[in-house]
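A.B. asks: Here you go, run_19.cif (mmCIF, C-alpha atoms):
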data_work
#
loop_
_atom_site.label_atom_id
_atom_site.label_comp_id
_atom_site.auth_asym_id
_atom_site.auth_seq_id
_atom_site.Cartn_x
_atom_site.Cartn_y
_atom_site.Cartn_z
CA MET F 135 13.66 -20.30 5.00
CA SER F 136 11.57 -18.06 7.17
CA VAL F 137 12.35 -14.45 7.95
CA ARG F 138 13.02 -13.67 11.59
CA LYS F 139 10.84 -10.88 12.88
CA ASP F 140 13.62 -9.11 14.77
CA GLU F 141 15.61 -8.95 11.54
CA THR F 142 12.81 -7.30 9.62
CA ALA F 143 11.60 -3.74 9.44
CA SER F 144 8.61 -2.96 7.22
CA PHE F 145 7.49 0.51 6.25
CA MET F 146 4.15 1.61 4.87
CA LEU F 147 4.49 4.72 2.74
CA ARG F 148 1.54 6.82 1.64
CA PHE F 149 1.97 9.54 -0.97
CA THR F 150 -0.72 12.06 -1.79
CA GLN F 151 -0.24 14.04 -4.95
CA LYS F 152 -1.62 17.55 -5.21
CA ILE F 153 -1.61 19.30 -8.56
CA PHE F 154 -2.48 22.98 -8.64
CA ASN F 155 -1.71 26.23 -10.43
CA ASN F 156 0.43 28.75 -8.62
CA GLU F 157 -0.25 32.52 -8.57
CA SER F 158 1.32 32.93 -12.00
CA GLY F 159 -0.96 30.20 -13.35
CA GLU F 160 1.85 27.69 -13.76
CA PRO F 161 1.00 24.09 -12.94
CA GLN F 162 2.68 22.78 -9.78
CA VAL F 163 2.87 19.39 -8.16
CA GLN F 164 3.23 18.73 -4.46
CA TRP F 165 3.83 15.45 -2.68
CA ARG F 166 2.81 14.90 0.90
CA GLY F 167 2.48 11.72 2.80
CA ASN F 168 3.17 9.64 5.81
CA ILE F 169 5.38 6.72 6.66
CA ARG F 170 4.67 4.09 9.28
CA HIS F 171 7.05 1.62 10.84
CA VAL F 172 4.84 -1.46 10.89
CA GLN F 173 6.46 -3.41 13.74
CA GLY F 174 6.82 -0.38 16.04
CA GLY F 175 3.69 1.50 14.99
CA GLU F 176 5.43 4.92 14.92
CA GLU F 177 4.27 7.23 12.19
CA GLN F 178 5.66 10.42 10.65
CA ARG F 179 4.29 12.80 8.05
CA PHE F 180 6.47 14.34 5.38
CA SER F 181 6.52 16.69 2.45
CA LYS F 182 10.24 16.21 1.74
CA PHE F 183 11.73 12.85 0.89
CA ASP F 184 14.74 13.55 3.16
CA ASP F 185 12.45 13.15 6.17
CA VAL F 186 11.46 9.68 4.94
CA VAL F 187 15.11 8.69 4.62
CA ALA F 188 15.89 9.98 8.13
CA PHE F 189 12.92 8.10 9.58
CA ILE F 190 13.89 4.80 7.93
CA GLN F 191 17.51 5.30 8.92
CA SER F 192 16.66 5.79 12.58
CA LYS F 193 14.46 2.66 12.65
CA LEU F 194 17.11 0.54 10.90
CA ALA F 195 19.78 1.81 13.29
CA ASP F 196 17.54 0.77 16.21
CA LEU F 197 17.18 -2.67 14.62
CA THR F 198 20.95 -3.05 14.22
CA ILE F 199 21.58 -1.91 17.81
CA GLN F 200 19.00 -4.37 19.14
CA ALA F 201 20.57 -7.22 17.17
CA MET F 202 24.05 -6.49 18.62
CA GLU F 203 23.16 -6.04 22.26
CA ASP F 204 25.13 -9.11 23.35
CA LYS F 205 28.21 -8.38 21.19
CA PRO F 206 31.44 -6.66 22.42
CA ILE F 207 31.57 -2.85 22.05
CA GLU F 208 34.31 -2.91 19.36
CA GLU F 209 32.35 -5.34 17.22
CA GLN F 210 29.22 -3.22 17.69
CA LYS F 211 31.09 -0.15 16.45
CA GLY F 212 32.39 -2.00 13.39
CA ILE F 213 28.97 -3.36 12.41
CA LEU F 214 27.29 0.00 12.98
CA SER F 215 29.81 1.84 10.85
CA LYS F 216 29.41 -0.72 8.02
CA SER F 217 25.64 -0.46 8.30
CA PHE F 218 25.80 3.35 8.08
CA ASP F 219 28.13 3.20 5.06
CA MET F 220 25.69 0.95 3.23
CA TRP F 221 22.82 3.17 4.23
CA LYS F 222 24.63 6.32 3.07
CA LYS F 223 24.96 4.86 -0.43
CA MET F 224 21.35 3.77 -0.48
CA ALA F 225 20.09 7.05 1.00
CA VAL F 226 21.70 9.00 -1.85
CA GLU F 227 20.70 6.81 -4.79
CA GLY F 228 17.49 5.10 -3.61
CA PRO F 229 15.19 8.11 -3.09
CA LYS F 230 16.51 9.78 -6.25
CA MET F 231 15.62 6.77 -8.33
CA VAL F 232 12.21 6.34 -6.65
CA MET F 233 11.29 10.00 -7.08
CA GLU F 234 12.50 10.13 -10.67
CA THR F 235 10.56 7.02 -11.56
CA ILE F 236 7.41 8.42 -9.91
CA LYS F 237 7.81 11.72 -11.75
CA ASP F 238 8.69 10.21 -15.08
CA PRO F 239 8.38 6.43 -15.49
CA LYS F 240 9.71 6.62 -19.06
CA LYS F 241 12.84 8.38 -17.82
CA GLY F 242 13.26 5.64 -15.23
CA MET F 243 13.17 3.04 -17.98
CA ALA F 244 15.59 5.13 -20.07
CA GLN F 245 18.02 5.18 -17.12
CA ILE F 246 17.92 1.41 -16.87
CA GLN F 247 18.50 1.22 -20.62
CA ASP F 248 21.47 3.59 -20.32
CA GLN F 249 22.91 1.35 -17.64
CA ILE F 250 22.59 -1.65 -19.98
CA GLN F 251 24.27 0.32 -22.75
CA ASP F 252 27.12 1.35 -20.44
CA LEU F 253 27.55 -2.26 -19.49
CA SER F 254 27.64 -3.34 -23.11
CA HIS F 255 30.34 -0.73 -23.82
CA GLN F 256 32.30 -2.05 -20.86
CA VAL F 257 32.01 -5.56 -22.26
CA LYS F 258 33.27 -4.30 -25.61
CA ASP F 259 36.26 -2.58 -23.96
CA GLU F 260 37.05 -5.69 -21.93
CA ILE F 261 37.02 -7.82 -25.07
CA SER F 262 39.41 -5.38 -26.78
CA GLN F 263 41.73 -5.57 -23.78
CA LYS F 264 41.63 -9.35 -23.71
CA LEU F 265 42.63 -9.47 -27.38
CA GLU F 266 45.85 -7.49 -26.47
CA ILE F 267 45.88 -5.65 -29.72
CA ASP F 268 49.38 -4.14 -29.07
CA THR F 269 51.01 -7.55 -29.42
CA TRP F 270 49.41 -7.85 -32.84
CA LYS F 271 51.20 -4.75 -34.17
CA THR F 272 53.57 -6.85 -36.23
CA ALA F 273 50.77 -8.91 -37.64
CA SER F 274 49.91 -8.90 -41.30
CA LYS F 275 47.26 -6.80 -43.01
CA SER F 276 44.96 -9.78 -43.32
CA ASP F 277 45.30 -10.48 -39.56
CA PHE F 278 44.23 -6.91 -38.83
CA LYS F 279 41.36 -7.29 -41.26
CA GLU F 280 40.31 -10.39 -39.39
CA ILE F 281 40.45 -8.59 -36.02
CA MET F 282 38.50 -5.66 -37.40
CA GLN F 283 35.92 -8.04 -38.79
CA LYS F 284 35.59 -9.76 -35.38
CA LEU F 285 35.17 -6.42 -33.62
CA THR F 286 32.59 -5.31 -36.19
CA ASP F 287 30.70 -8.57 -35.64
CA ILE F 288 30.74 -8.09 -31.87
CA SER F 289 29.58 -4.47 -32.28
CA ALA F 290 26.76 -5.65 -34.53
CA GLU F 291 25.73 -8.22 -31.93
CA VAL F 292 25.77 -5.59 -29.17
CA SER F 293 23.68 -3.26 -31.38
CA ALA F 294 21.22 -6.09 -32.05
CA LEU F 295 20.99 -6.68 -28.30
CA ASN F 296 20.33 -2.95 -27.77
CA ALA F 297 17.59 -3.05 -30.41
CA LYS F 298 15.99 -5.97 -28.56
CA VAL F 299 16.12 -4.01 -25.28
CA ASP F 300 14.49 -1.05 -27.09
CA GLN F 301 11.77 -3.32 -28.41
CA LEU F 302 11.13 -4.82 -24.95
CA THR F 303 10.99 -1.34 -23.41
CA GLN F 304 8.47 -0.22 -26.02
CA ASN F 305 6.36 -3.31 -25.43
CA GLN F 306 6.37 -2.63 -21.68
CA GLN F 307 5.30 0.99 -22.21
CA MET V 17 -26.04 -6.87 -17.14
CA ILE V 18 -27.51 -6.44 -13.66
CA ALA V 19 -28.53 -2.84 -12.88
CA ILE V 20 -26.47 -1.07 -10.22
CA GLU V 21 -29.59 -0.62 -8.11
CA ASP V 22 -30.18 -4.38 -8.07
CA GLN V 23 -26.54 -5.06 -7.28
CA ILE V 24 -26.77 -2.73 -4.27
CA ALA V 25 -29.95 -4.48 -3.12
CA GLU V 26 -28.29 -7.89 -3.48
CA LEU V 27 -25.22 -6.75 -1.59
CA ARG V 28 -27.44 -5.52 1.24
CA THR V 29 -28.97 -8.96 1.69
CA TRP V 30 -25.70 -10.88 1.31
CA ARG V 31 -25.16 -10.74 5.06
CA ASP V 32 -28.49 -12.48 5.73
CA ARG V 33 -28.03 -15.17 3.11
CA VAL V 34 -24.94 -16.82 4.61
CA SER V 35 -24.30 -18.50 7.92
CA LEU V 36 -20.78 -17.11 8.50
CA ARG V 37 -20.17 -13.38 9.02
CA VAL V 38 -16.89 -11.67 9.75
CA GLN V 39 -16.21 -8.20 11.10
CA THR V 40 -12.64 -7.00 10.57
CA LEU V 41 -13.06 -3.23 10.79
CA GLY V 42 -12.65 -1.65 14.22
CA ASN V 43 -12.81 -5.06 15.87
CA PHE V 44 -12.50 -8.71 14.91
CA GLN V 45 -15.57 -10.87 15.34
CA LEU V 46 -16.89 -14.02 13.69
CA TRP V 47 -20.54 -15.06 13.79
CA ARG V 48 -21.65 -18.58 12.99
CA ASP V 49 -25.43 -18.84 12.52
CA ASP V 50 -25.87 -15.53 14.37
CA GLU V 51 -23.84 -16.75 17.31
CA ALA V 52 -20.74 -14.72 18.15
CA ILE V 53 -17.63 -16.90 18.45
CA GLY V 54 -15.71 -16.06 21.61
CA SER V 55 -11.97 -16.31 22.13
CA LYS V 56 -12.43 -19.52 24.13
CA GLU V 57 -13.83 -21.30 21.10
CA TRP V 58 -10.94 -20.08 18.94
CA GLY V 59 -8.52 -21.73 21.33
CA ARG V 60 -4.95 -20.70 20.64
CA ASP V 61 -4.34 -17.35 18.97
CA VAL V 62 -2.67 -19.06 15.99
CA SER V 63 -6.10 -20.26 14.75
CA GLN V 64 -7.44 -16.73 14.65
CA GLN V 65 -4.21 -15.56 12.99
CA LEU V 66 -4.51 -18.13 10.21
CA PHE V 67 -8.16 -17.29 9.57
CA GLN V 68 -7.43 -13.55 9.51
CA PHE V 69 -4.52 -14.15 7.15
CA LEU V 70 -6.79 -16.09 4.76
CA VAL V 71 -9.39 -13.30 4.95
CA THR V 72 -6.69 -10.73 4.17
CA ASN V 73 -5.47 -12.74 1.18
CA ARG V 74 -8.93 -13.77 -0.03
CA HIS V 75 -8.33 -12.47 -3.56
CA ARG V 76 -5.00 -14.21 -4.01
CA HIS V 77 -4.88 -17.62 -5.59
CA ALA V 78 -4.27 -20.66 -3.46
CA LEU V 79 -1.49 -19.99 -0.98
CA HIS V 80 1.09 -22.64 -0.28
CA LYS V 81 1.39 -23.78 3.32
CA GLU V 82 5.07 -22.72 3.43
CA GLN V 83 4.16 -19.24 2.15
CA ILE V 84 1.56 -18.90 4.90
CA ILE V 85 3.98 -20.03 7.60
CA ASP V 86 6.66 -17.66 6.32
CA ARG V 87 4.38 -14.65 6.39
CA ILE V 88 2.68 -15.23 9.73
CA TRP V 89 5.10 -16.94 12.06
CA VAL V 90 8.60 -16.08 13.08
CA ASP V 91 10.20 -19.46 13.23
CA GLY V 92 9.99 -22.07 10.48
CA LYS V 93 10.15 -24.99 12.95
CA THR V 94 7.44 -23.78 15.32
CA GLY V 95 5.64 -22.49 12.22
CA GLN V 96 4.95 -26.04 11.02
CA GLN V 97 3.51 -26.96 14.42
CA ASN V 98 1.57 -23.67 14.57
CA PHE V 99 0.05 -24.32 11.16
CA LYS V 100 -1.14 -27.76 12.13
CA VAL V 101 -2.77 -26.46 15.32
CA ALA V 102 -4.16 -23.39 13.55
CA HIS V 103 -5.67 -25.33 10.66
CA HIS V 104 -7.35 -27.75 13.04
CA GLY V 105 -8.62 -24.80 15.12
CA VAL V 106 -10.03 -22.91 12.13
CA THR V 107 -11.79 -25.99 10.77
CA LYS V 108 -13.35 -26.66 14.16
CA VAL V 109 -14.57 -23.08 14.54
CA LEU V 110 -15.96 -22.72 11.01
CA GLU V 111 -17.60 -26.13 10.68
CA PRO V 112 -17.81 -27.89 14.05
CA ASP V 113 -20.22 -30.51 12.71
CA ARG V 114 -18.40 -31.33 9.49
CA LYS V 115 -17.62 -34.99 9.13
CA SER V 116 -14.01 -35.94 8.54
CA ARG V 117 -12.98 -36.54 4.90
CA THR V 118 -15.79 -34.32 3.63
CA GLU V 119 -15.06 -31.15 1.72
CA SER V 120 -15.07 -27.85 3.58
CA GLN V 121 -17.60 -25.20 2.54
CA TYR V 122 -15.23 -22.42 3.47
CA ILE V 123 -11.65 -23.47 2.83
CA ILE V 124 -10.48 -24.79 -0.51
CA ARG V 125 -7.59 -27.16 0.01
CA GLN V 126 -5.64 -28.50 -2.93
CA GLY V 127 -2.55 -30.42 -1.92
CA ALA V 128 -0.56 -28.05 0.26
CA THR V 129 -2.39 -24.90 -0.87
CA TYR V 130 -5.21 -23.15 0.96
CA GLN V 131 -7.73 -20.50 0.00
CA LEU V 132 -10.85 -19.06 1.56
CA ARG V 133 -14.11 -19.65 -0.33
CA PHE V 134 -15.11 -16.11 0.57
CA GLU V 135 -18.29 -15.95 -1.52
CA ASN V 136 -19.81 -18.23 1.15
CA ILE V 137 -18.77 -15.86 3.94
CA TRP V 138 -19.93 -12.29 4.47
CA ILE V 139 -16.86 -10.17 5.20
CA ASP V 140 -17.38 -6.49 6.07
CA VAL V 141 -14.29 -5.34 4.22
CA GLU V 142 -15.36 -7.15 1.04
CA ALA V 143 -18.87 -5.68 1.23
CA LEU V 144 -17.40 -2.20 1.78
CA ASP V 145 -15.15 -2.58 -1.23
CA GLN V 146 -18.08 -3.63 -3.43
CA PHE V 147 -20.39 -0.86 -2.20
CA VAL V 148 -17.76 1.77 -2.99
CA ALA V 149 -17.18 0.29 -6.45
CA LEU V 150 -20.94 0.46 -7.14
CA GLY V 151 -21.09 4.03 -5.80
CA ASN V 152 -18.27 5.07 -8.10
CA GLN V 153 -20.03 3.44 -11.07
CA ALA V 154 -23.27 5.28 -10.33
CA LEU V 155 -21.68 8.64 -9.47
CA LEU V 156 -22.02 10.36 -12.85
CA ASP V 157 -25.39 9.02 -14.04
CA ASP V 158 -27.26 8.58 -10.77
CA PRO V 159 -25.79 10.54 -7.82
CA GLY V 160 -28.74 9.48 -5.64
CA LEU V 161 -27.85 5.83 -6.08
CA ALA V 162 -24.18 6.63 -5.51
CA GLN V 163 -25.14 8.24 -2.20
CA GLN V 164 -26.93 5.05 -1.12
CA ALA V 165 -23.93 2.89 -1.95
CA TYR V 166 -21.41 5.21 -0.26
CA ARG V 167 -23.64 5.40 2.82
CA GLU V 168 -23.67 1.60 3.12
CA ALA V 169 -19.90 1.47 2.74
CA ILE V 170 -19.27 4.21 5.32
CA ASN V 171 -21.52 2.48 7.84
CA LEU V 172 -19.31 -0.58 7.52
CA TYR V 173 -16.12 1.34 8.28
CA GLN V 174 -16.08 0.95 12.06
CA GLY V 175 -12.36 1.57 12.43
CA VAL V 176 -9.00 0.28 11.24
CA TYR V 177 -8.65 -3.15 9.68
CA LEU V 178 -7.89 -5.92 12.20
CA PRO V 179 -6.82 -3.65 15.08
CA ASN V 180 -5.43 -6.63 17.00
CA ARG V 181 -2.89 -7.18 14.17
CA LEU V 182 -1.72 -3.59 13.90
CA TYR V 183 1.95 -4.52 14.17
CA GLU V 184 1.83 -7.46 11.79
CA ASP V 185 3.46 -7.02 8.43
CA TRP V 186 0.92 -9.12 6.51
CA SER V 187 -2.08 -7.02 7.54
CA SER V 188 -0.63 -3.57 6.72
CA GLU V 189 -1.34 -3.50 3.00
CA GLU V 190 -5.05 -4.29 3.40
CA ARG V 191 -5.36 -1.81 6.31
CA GLU V 192 -3.91 0.99 4.18
CA ARG V 193 -5.93 0.05 1.08
CA ILE V 194 -9.26 -0.09 2.85
CA GLN V 195 -8.65 3.11 4.82
CA LEU V 196 -8.06 5.03 1.59
CA ILE V 197 -11.17 3.49 0.00
CA ALA V 198 -13.25 4.48 3.05
CA LEU V 199 -11.79 8.00 3.06
CA GLY V 200 -12.60 8.32 -0.64
CA ALA V 201 -16.22 7.26 -0.03
CA ILE V 202 -16.63 9.71 2.88
CA ILE V 203 -15.23 12.58 0.84
CA SER V 204 -17.37 11.73 -2.21
CA LEU V 205 -20.55 11.55 -0.13
CA SER V 206 -19.79 14.75 1.79
CA GLU V 207 -19.19 16.51 -1.53
CA LEU V 208 -22.52 15.22 -2.92
CA LEU V 209 -24.39 16.49 0.17
CA VAL V 210 -22.68 19.85 0.63
CA LYS V 211 -25.51 21.95 -0.84
CA ASP V 212 -28.61 19.90 0.05
CA ASN V 213 -27.57 18.67 3.47
CA PRO V 214 -24.60 20.71 4.75
CA MET V 215 -24.96 19.45 8.34
CA GLU V 216 -24.52 15.85 7.23
CA SER V 217 -21.66 16.93 5.01
CA ILE V 218 -19.97 18.53 8.05
CA ARG V 219 -20.46 15.37 10.09
CA LEU V 220 -18.92 13.26 7.36
CA THR V 221 -15.89 15.54 6.95
CA GLN V 222 -15.36 15.35 10.70
CA GLN V 223 -15.37 11.58 10.36
CA ALA V 224 -12.75 11.83 7.59
CA LEU V 225 -10.59 14.10 9.76
CA GLN V 226 -10.77 11.62 12.60
CA ILE V 227 -9.24 9.07 10.25
CA ASP V 228 -6.63 11.48 8.90
CA SER V 229 -6.37 14.96 10.40
CA THR V 230 -4.34 16.23 7.42
CA TRP V 231 -6.92 15.35 4.72
CA GLU V 232 -7.19 18.80 3.11
CA ASP V 233 -10.20 17.99 0.91
CA ALA V 234 -12.20 17.34 4.10
CA TYR V 235 -11.36 20.79 5.49
CA ARG V 236 -12.30 22.46 2.21
CA ILE V 237 -15.67 20.68 1.94
CA GLN V 238 -16.37 21.44 5.60
CA MET V 239 -15.66 25.15 5.00
CA GLU V 240 -18.04 25.10 2.03
CA ALA V 241 -20.72 23.31 4.08
CA TYR V 242 -20.50 25.81 6.96
CA PHE V 243 -20.64 28.63 4.43
CA ALA V 244 -23.70 27.06 2.72
CA LYS V 245 -25.34 26.92 6.15
CA GLY V 246 -24.53 30.59 6.67
CA ASN V 247 -22.07 29.90 9.50
CA ARG V 248 -19.18 32.06 8.36
CA PRO V 249 -17.25 32.04 11.70
CA MET V 250 -17.10 28.22 11.75
CA ALA V 251 -16.03 28.16 8.10
CA ILE V 252 -13.17 30.53 8.96
CA LYS V 253 -12.27 28.50 12.05
CA THR V 254 -12.11 25.36 9.90
CA TYR V 255 -9.67 27.08 7.53
CA GLN V 256 -7.50 28.18 10.46
CA GLN V 257 -7.48 24.63 11.80
CA CYS V 258 -6.48 23.33 8.36
CA GLN V 259 -3.69 25.90 8.15
CA LYS V 260 -2.42 24.95 11.62
CA VAL V 261 -2.45 21.19 11.01
CA LEU V 262 -0.74 21.42 7.60
CA ASP V 263 1.93 23.68 9.04
CA GLN V 264 2.54 21.43 12.05
CA GLU V 265 2.56 18.16 10.15
CA PHE V 266 4.11 19.07 6.80
CA GLY V 267 5.37 22.65 7.12
CA ILE V 268 3.25 23.69 4.13
CA GLU V 269 0.44 26.11 3.33
CA PRO V 270 -3.07 25.02 2.26
CA LEU V 271 -3.55 24.57 -1.48
CA PRO V 272 -4.55 27.61 -3.61
CA GLU V 273 -8.00 26.02 -4.01
CA THR V 274 -8.52 26.03 -0.23
CA GLN V 275 -7.13 29.56 0.10
CA GLN V 276 -9.49 30.69 -2.64
CA MET V 277 -12.43 29.19 -0.72
CA TYR V 278 -11.26 31.06 2.39
CA ARG V 279 -11.14 34.35 0.49
CA LYS V 280 -14.63 33.69 -0.89
CA ILE V 281 -15.95 33.06 2.63
CA ARG V 282 -14.35 36.20 3.97
CA GLY V 283 -15.82 38.08 1.05
CA VAL V 284 -12.44 39.33 -0.16
#
Since I need it in another form, could you write the structure as structure tokens?

C.D. replies:
Amino acid sequence: MSVRKDETASFMLRFTQKIFNNESGEPQVQWRGNIRHVQGGEEQRFSKFDDVVAFIQSKLADLTIQAMEDKPIEEQKGILSKSFDMWKKMAVEGPKMVMETIKDPKKGMAQIQDQIQDLSHQVKDEISQKLEIDTWKTASKSDFKEIMQKLTDISAEVSALNAKVDQLTQNQQ
Amino acid sequence: MIAIEDQIAELRTWRDRVSLRVQTLGNFQLWRDDEAIGSKEWGRDVSQQLFQFLVTNRHRHALHKEQIIDRIWVDGKTGQQNFKVAHHGVTKVLEPDRKSRTESQYIIRQGATYQLRFENIWIDVEALDQFVALGNQALLDDPGLAQQAYREAINLYQGVYLPNRLYEDWSSEERERIQLIALGAIISLSELLVKDNPMESIRLTQQALQIDSTWEDAYRIQMEAYFAKGNRPMAIKTYQQCQKVLDQEFGIEPLPETQQMYRKIRGV
């Protein structure tokens, strides 16, 4: 399916990195750049990432407004507020992740790995809940042994999965 | 391995060895056997669009027809029709005398995929790219040769890539890439000439600043060139201009390196 032009906003971002020593001789890094809205041609320079976010936000808001021109006012308000909510979330997390990955790609990978680990812990917790261990309180010692064995097996499998993720990360680096 | 000098010489004659030449920088123009192709011959704009898209994606492997339609045209339905018209138009413009069912010299078609056989076509942007690569290779061992290669590349940079497609998504990446390559070549050459030919170095930095008025390296080299020429007031004026532009555009001060150059010029 093709992408409709009036539903698309493209941005060209240019970063220029400047590394220098400050007056105390400590190394410093500075980012400067410009962002261009491809379809509209407007351009803005920046040295703070917040300015990039504001620029993109204003262009996306324009796009949403244009797309709703023929809709009733109430519906327009609802769509705009939803669009801003989504943007707010993205504006907080997106730039952080981009900047952190630019500064330290290894850290970026570590974050993704942490997320996988968190997910695997969640899976483990969910499995424990599904087993409803409380109802097994009256069970025999051997039953408990069996449950413990199952949980140990699952933990071992999760650890093996983590080791695989580690290996893949190392290979990528 | 072919010597860099020979590669530069070969690249210089590439233009004269082929019958199709394309200018994409500053203006779009196609020449077939030294004859400029006018818009009338291109027919509908879609033909020119398709050709320009293939030029832009010349290094990518065969592109599927659907991919091409998706990237260039808004609507899938009219896209199919556009492609048919465009493909016919391009074929007619590139090889008007080609007999039907014979293979094209310029477009490789395999099933529903298309690719430009760009080694048979001189394209300014491709030549520029190769000249800069040769200049960079020669820079350490033979700065004189690097100068020649950079000079050739800079002469080819007549302006932005495909100015008539400035608002098209598919052309942006190449426009940005080639502008940075050209800026890099201008800065490298102006740096090489700063002591022996400061006037030319100043001219080149002015060219860089026309492309991007915030390019701090250009201001710094220009200050050094004015200073080498003994024109202290202009060197100081250049610094002040740099300071003003960086403050207006980014709200930042010039780098310590530039400030140090300023202090040197002022004799502090």

A.B. asks: With only C-alpha atoms considered, list every residue of chain F at most 10 Å from chain V, as a compact mmCIF listing (two decimals) with C-alpha atoms, keeping the file's coordinate frame.

C.D. replies:
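Listed below is the output, part.txt:
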# COMPACT_ATOMS: atom_id res chain seq x y z
CA MET F 135 13.66 -20.30 5.00
CA SER F 136 11.57 -18.06 7.17
CA VAL F 137 12.35 -14.45 7.95
CA ARG F 138 13.02 -13.67 11.59
CA LYS F 139 10.84 -10.88 12.88
CA ASP F 140 13.62 -9.11 14.77
CA THR F 142 12.81 -7.30 9.62
CA ALA F 143 11.60 -3.74 9.44
CA SER F 144 8.61 -2.96 7.22
CA PHE F 145 7.49 0.51 6.25
CA MET F 146 4.15 1.61 4.87
CA LEU F 147 4.49 4.72 2.74
CA ARG F 148 1.54 6.82 1.64
CA THR F 150 -0.72 12.06 -1.79
CA LYS F 152 -1.62 17.55 -5.21
CA ILE F 153 -1.61 19.30 -8.56
CA PHE F 154 -2.48 22.98 -8.64
CA ASN F 155 -1.71 26.23 -10.43
CA ASN F 156 0.43 28.75 -8.62
CA GLU F 157 -0.25 32.52 -8.57
CA GLN F 164 3.23 18.73 -4.46
CA ARG F 166 2.81 14.90 0.90
CA GLY F 167 2.48 11.72 2.80
CA ASN F 168 3.17 9.64 5.81
CA ARG F 170 4.67 4.09 9.28
CA HIS F 171 7.05 1.62 10.84
CA VAL F 172 4.84 -1.46 10.89
CA GLN F 173 6.46 -3.41 13.74
CA GLY F 174 6.82 -0.38 16.04
CA GLY F 175 3.69 1.50 14.99
CA GLN F 178 5.66 10.42 10.65
CA ARG F 179 4.29 12.80 8.05
CA PHE F 180 6.47 14.34 5.38
CA SER F 181 6.52 16.69 2.45
CA LYS F 182 10.24 16.21 1.74

A.B. asks: Taking 2 positions as the minimum chain separation for residues in the same chain, which residues sit within 8 Å of Ala234 (chain V) when counting all atoms listed in the file? Answer as a PyMOL selection string.

C.D. replies: chain V and resi 203+221-222+224-225+231-232+236-238

A.B. asks: Applied to this file, what does the PyMOL selection byres ((chain V and resi 57-63) around 6) return in terms of residues, put as a list in words?

C.D. replies: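 So the PyMOL selection byres ((chain V and resi 57-63) around 6) ends up selecting Gly54, Ser55, Lys56, Gln64, Gln65, Leu66, Ala102, Gly105 and Val106 of chain V.
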
A.B. asks: Quick one: pull the distance between CA of Phe44 (chain V) and CA of Arg193 (chain V), Å, one decimal.

C.D. replies: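 CA of Arg193 (chain V) lies 17.6 Å from CA of Phe44 (chain V).
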
A.B. asks: Can you give me, as number ranges by chain, the residues this file yields under the PyMOL selection byres ((chain V and resi 172) around 10)?

C.D. replies: V: 39-42, 140-141, 143-145, 147, 166-171, 173-175, 198

A.B. asks: Run the PyMOL selection byres ((chain V and resi 24) around 10) mentally over the shown coordinates, then write out the matched residues as a ChimeraX atom specification, using the chain letters and numbers from the document.

C.D. replies: /V:19-23,25-30,146-147,150-151,161-162,164-165,168

A.B. asks: Kindly export the residues of the current selection with C-alpha atoms, as a compact mmCIF listing (two decimals), keeping the file's coordinate frame.

C.D. replies:
# COMPACT_ATOMS: atom_id res chain seq x y z
CA ALA V 19 -28.53 -2.84 -12.88
CA ILE V 20 -26.47 -1.07 -10.22
CA GLU V 21 -29.59 -0.62 -8.11
CA ASP V 22 -30.18 -4.38 -8.07
CA GLN V 23 -26.54 -5.06 -7.28
CA ALA V 25 -29.95 -4.48 -3.12
CA GLU V 26 -28.29 -7.89 -3.48
CA LEU V 27 -25.22 -6.75 -1.59
CA ARG V 28 -27.44 -5.52 1.24
CA THR V 29 -28.97 -8.96 1.69
CA TRP V 30 -25.70 -10.88 1.31
CA GLN V 146 -18.08 -3.63 -3.43
CA PHE V 147 -20.39 -0.86 -2.20
CA LEU V 150 -20.94 0.46 -7.14
CA GLY V 151 -21.09 4.03 -5.80
CA LEU V 161 -27.85 5.83 -6.08
CA ALA V 162 -24.18 6.63 -5.51
CA GLN V 164 -26.93 5.05 -1.12
CA ALA V 165 -23.93 2.89 -1.95
CA GLU V 168 -23.67 1.60 3.12

A.B. asks: So what do you get for CA of Leu194 (chain F) versus CA of Leu214 (chain F), distance-wise?

C.D. replies: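 Between CA of Leu194 (chain F) and CA of Leu214 (chain F) the gap works out to 10.4 Å.
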
A.B. asks: Could you tell me how far CA of Val187 (chain F) sits from CA of Met202 (chain F), in Å to one decimal place?

C.D. replies: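 So the two atoms, CA of Met202 (chain F) and CA of Val187 (chain F), lie 22.5 Å apart.
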
A.B. asks: Between F:Glu280, F:Glu176, F:Pro161, F:Gln151, which one has atoms that come closest to Lys193 (chain F), using all atoms listed in the file?

C.D. replies: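 Closest to Lys193 (chain F), using all atoms listed in the file: F:Glu176.
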
A.B. asks: If we count all atoms listed in the file, what is near Tyr130 (chain V) at a cut-off of 8 Å, once residues fewer than 3 positions away on the same chain are taken out, given as a VMD selection string?

C.D. replies: chain V and resid 78 to 81 123 to 126

A.B. asks: Taking all atoms listed in the file into account, name the residue in V:Glu142, V:Glu190, V:Asp263, V:Glu111 that is nearest to Leu178 (chain V).

C.D. replies: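 Of V:Glu142, V:Glu190, V:Asp263, V:Glu111, the one nearest Leu178 (chain V) is V:Glu190, counting all atoms listed in the file.
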